[in-house]
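A short worksheet on the structure shown next.
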Amino acid sequence: RVITMETEKKFPALLLQKAVQLDVLATLDDGSKVNIEIQIRETGADPFRSRFYHSIMDTNHLRRGESYNDLPCTYVIFITEKDIFGLGERIYTFTDLDIRLNLPLNNGQYTIYVNRCAEYDGSRLADILHDFGCCNPDDMRVDYIRREVNFYKNTEEGNKVINMMSNSFYAAGMKKGEAKGEAKGRAEGEIIGRVREKIKYIGKGFETVSEAAMDIGISENEFRRIASENGFTISHI
């Protein structure tokens, strides 16, 4: 049973790490975390993407002092337009296991691919996936989806709600863009300042470029680029 659900759940970047926005993040009554991603392009459902999303859910759950056994089960579910594995199955479920003994690791991590173009079998899931691709509510097979879509598309009250949401999203997007630019500038400024200080230590022979870059959390090439772009020249570099 779903306890909480968030759409467009954002996990901000830390220093130079990649920021993430999950389409849907739900918490079940047993504590499990479920991420659902609807992907039009095959590249959007890359297995390495699921690996990263699992790590994001884990990293943002475990607190200092908690046991690794406190980690919840995590599910990354990709709903894809095409059968990216080409075997005709509607659902593909993956977990970690011993490839020689077929022994499951039981680490609570599951990746599921739902193929929207699988042959129709009359199931409830097949009807829901069919409705994902419908523009006309009259063609939809699931009653509550048909009613909701018809309300927002074909009634005056529903149109007003959509317009209000669109205006709200636009305003939020503008504000987010301004804030993102400011935050990025602050983060980059902090890194540039740390590079400047590290160059002093390098010049005195206390650190190497590699050690300084590692301490900041950037690559040696990135360290050299920042130093060069900001005029931080020193013979040891």
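Lettering and numbering for the structure tokens are positional, with chains as A, B, ... in the shown order, residues counted from 1 in each chain, and ligands counted from 1 in the shown order.
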DSSP-assigned strand (DSSP E) among region 6-42 of chain A, expressed as an NGL selection string:
:A and (6-11 or 20-28 or 33-39)
Run DSSP on the backbone and give me the residues of region 10-160 of chain A it puts in helix (DSSP H, G or I), as a PyMOL selection string. chain A and resi 42-45+47-59+68-70+124-132+137-139+143-154+156-160
May I have the residues from that selection written out with N, CA and C atoms, as a short mmCIF file (atom, residue, chain, number, x, y, z; two decimals), in the first residue's frame?
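In the end it all went to part39.cif:
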data_model
loop_
_atom_site.label_atom_id
_atom_site.label_comp_id
_atom_site.auth_asym_id
_atom_site.auth_seq_id
_atom_site.Cartn_x
_atom_site.Cartn_y
_atom_site.Cartn_z
N GLU A 42 14.92 4.89 -25.66
CA GLU A 42 15.57 3.72 -25.08
C GLU A 42 16.72 4.10 -24.16
N THR A 43 17.44 5.16 -24.52
CA THR A 43 18.59 5.56 -23.72
C THR A 43 18.17 6.03 -22.33
N GLY A 44 16.91 6.44 -22.19
CA GLY A 44 16.44 6.90 -20.89
C GLY A 44 16.28 5.78 -19.88
N ALA A 45 16.22 4.54 -20.36
CA ALA A 45 16.05 3.39 -19.47
C ALA A 45 17.34 2.58 -19.37
N PRO A 47 20.42 0.67 -18.02
CA PRO A 47 20.61 -0.01 -16.74
C PRO A 47 21.50 0.76 -15.76
N PHE A 48 22.47 1.51 -16.29
CA PHE A 48 23.33 2.29 -15.41
C PHE A 48 22.55 3.43 -14.76
N ARG A 49 21.51 3.89 -15.42
CA ARG A 49 20.65 4.91 -14.84
C ARG A 49 19.93 4.35 -13.62
N SER A 50 19.45 3.11 -13.73
CA SER A 50 18.78 2.49 -12.59
C SER A 50 19.75 2.31 -11.43
N ARG A 51 20.98 1.95 -11.74
CA ARG A 51 22.00 1.81 -10.69
C ARG A 51 22.19 3.11 -9.93
N PHE A 52 22.23 4.23 -10.67
CA PHE A 52 22.42 5.53 -10.04
C PHE A 52 21.20 5.91 -9.21
N TYR A 53 20.01 5.63 -9.72
CA TYR A 53 18.78 5.99 -9.00
C TYR A 53 18.64 5.18 -7.71
N HIS A 54 19.05 3.90 -7.75
CA HIS A 54 19.05 3.10 -6.53
C HIS A 54 19.98 3.75 -5.50
N SER A 55 21.15 4.17 -5.94
CA SER A 55 22.12 4.76 -5.01
C SER A 55 21.59 6.07 -4.42
N ILE A 56 20.87 6.84 -5.22
CA ILE A 56 20.30 8.09 -4.73
C ILE A 56 19.29 7.82 -3.62
N MET A 57 18.43 6.84 -3.82
CA MET A 57 17.43 6.51 -2.80
C MET A 57 18.10 6.00 -1.53
N ASP A 58 19.17 5.20 -1.67
CA ASP A 58 19.88 4.69 -0.50
C ASP A 58 20.59 5.81 0.26
N THR A 59 21.32 6.64 -0.48
CA THR A 59 22.12 7.70 0.14
C THR A 59 21.25 8.66 0.92
N TYR A 68 23.25 -0.69 8.10
CA TYR A 68 22.96 -0.92 6.68
C TYR A 68 21.69 -1.75 6.53
N ASN A 69 21.39 -2.56 7.56
CA ASN A 69 20.17 -3.37 7.50
C ASN A 69 18.91 -2.54 7.60
N ASP A 70 19.07 -1.24 7.97
CA ASP A 70 17.92 -0.34 8.04
C ASP A 70 17.52 0.18 6.66
N ARG A 124 -5.30 -6.09 -16.39
CA ARG A 124 -5.48 -4.71 -15.90
C ARG A 124 -4.27 -3.85 -16.25
N LEU A 125 -3.08 -4.41 -16.08
CA LEU A 125 -1.87 -3.68 -16.41
C LEU A 125 -1.83 -3.32 -17.89
N ALA A 126 -2.24 -4.25 -18.75
CA ALA A 126 -2.24 -3.99 -20.19
C ALA A 126 -3.20 -2.84 -20.52
N ASP A 127 -4.34 -2.78 -19.84
CA ASP A 127 -5.30 -1.69 -20.07
C ASP A 127 -4.71 -0.35 -19.63
N ILE A 128 -4.06 -0.34 -18.48
CA ILE A 128 -3.46 0.91 -17.98
C ILE A 128 -2.37 1.39 -18.95
N LEU A 129 -1.53 0.48 -19.39
CA LEU A 129 -0.46 0.86 -20.32
C LEU A 129 -1.03 1.34 -21.65
N HIS A 130 -2.12 0.73 -22.08
CA HIS A 130 -2.79 1.18 -23.31
C HIS A 130 -3.23 2.63 -23.17
N ASP A 131 -3.80 2.96 -22.00
CA ASP A 131 -4.33 4.31 -21.78
C ASP A 131 -3.24 5.36 -21.72
N PHE A 132 -2.01 4.95 -21.37
CA PHE A 132 -0.89 5.89 -21.35
C PHE A 132 -0.69 6.52 -22.73
N PRO A 137 -10.01 10.51 -24.41
CA PRO A 137 -10.51 9.72 -23.27
C PRO A 137 -11.54 8.66 -23.68
N ASP A 138 -12.24 8.88 -24.80
CA ASP A 138 -13.22 7.89 -25.25
C ASP A 138 -12.57 6.57 -25.64
N ASP A 139 -11.28 6.59 -25.96
CA ASP A 139 -10.56 5.38 -26.36
C ASP A 139 -9.94 4.64 -25.18
N ASP A 143 -11.74 2.99 -16.28
CA ASP A 143 -12.78 3.99 -15.99
C ASP A 143 -12.23 5.24 -15.30
N TYR A 144 -11.46 5.06 -14.22
CA TYR A 144 -11.05 6.24 -13.46
C TYR A 144 -10.06 7.09 -14.24
N ILE A 145 -9.25 6.47 -15.10
CA ILE A 145 -8.34 7.25 -15.95
C ILE A 145 -9.15 8.02 -16.98
N ARG A 146 -10.16 7.36 -17.58
CA ARG A 146 -11.02 8.01 -18.57
C ARG A 146 -11.73 9.22 -17.97
N ARG A 147 -12.27 9.05 -16.75
CA ARG A 147 -12.99 10.15 -16.10
C ARG A 147 -12.08 11.34 -15.81
N GLU A 148 -10.88 11.05 -15.28
CA GLU A 148 -9.96 12.12 -14.93
C GLU A 148 -9.49 12.88 -16.17
N VAL A 149 -9.12 12.16 -17.21
CA VAL A 149 -8.65 12.80 -18.43
C VAL A 149 -9.76 13.61 -19.07
N ASN A 150 -10.98 13.05 -19.10
CA ASN A 150 -12.11 13.77 -19.67
C ASN A 150 -12.39 15.07 -18.91
N PHE A 151 -12.25 15.02 -17.57
CA PHE A 151 -12.49 16.21 -16.75
C PHE A 151 -11.51 17.33 -17.12
N TYR A 152 -10.24 17.00 -17.19
CA TYR A 152 -9.23 18.03 -17.44
C TYR A 152 -9.20 18.50 -18.90
N LYS A 153 -9.62 17.64 -19.81
CA LYS A 153 -9.54 18.01 -21.23
C LYS A 153 -10.84 18.62 -21.75
N ASN A 154 -11.97 18.17 -21.24
CA ASN A 154 -13.24 18.50 -21.89
C ASN A 154 -14.24 19.26 -21.04
N GLU A 156 -14.97 22.89 -18.59
CA GLU A 156 -14.47 24.24 -18.33
C GLU A 156 -13.71 24.30 -17.01
N GLU A 157 -14.24 23.62 -15.99
CA GLU A 157 -13.58 23.62 -14.69
C GLU A 157 -12.20 22.96 -14.78
N GLY A 158 -12.13 21.85 -15.51
CA GLY A 158 -10.85 21.16 -15.67
C GLY A 158 -9.84 22.00 -16.43
N ASN A 159 -10.29 22.70 -17.46
CA ASN A 159 -9.41 23.60 -18.23
C ASN A 159 -8.84 24.70 -17.35
N LYS A 160 -9.67 25.22 -16.43
CA LYS A 160 -9.20 26.27 -15.52
C LYS A 160 -8.08 25.73 -14.62
#
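In this structure, CA of Leu28 (chain A) sits 25.9 Å away from CA of Ala13 (chain A).
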Quiz prompt | For Asn35 (chain A), the nearest of the candidates A:Ser210, A:Thr74, A:Ser228, A:Ser67, counting only C-alpha atoms | solution =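 The shortest atom-to-atom distance to Asn35 (chain A) comes from A:Thr74.
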Just how far from CA of Cys73 (chain A) is CA of Ser32 (chain A), in Å to one decimal?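 Separation of CA of Ser32 (chain A) and CA of Cys73 (chain A): 4.8 Å.
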From the set A:Tyr201, A:Phe11, A:Phe94, A:Phe85, which residue has the shortest atom-to-atom contact distance to Ala118 (chain A), counting only C-alpha atoms?
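Of the candidates, the smallest distance to Ala118 (chain A) is held by A:Phe85.
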Requested in this report: Mind checking which residues fall within 12 Å of Arg224 (chain A), counting only C-alpha atoms, ignoring those fewer than 2 positions away in the same chain, and posting them as a PyMOL selection string?
Outcome: chain A and resi 192+195-196+198-199+208-210+212-213+218-222+226-234+236-237
Leaving out Glu37 (chain A) and any residue of its chain fewer than 3 positions from it, which residues lie within 7 Å of it when counting only C-alpha atoms, given as a ChimeraX atom specification?
/A:23-24,77-79
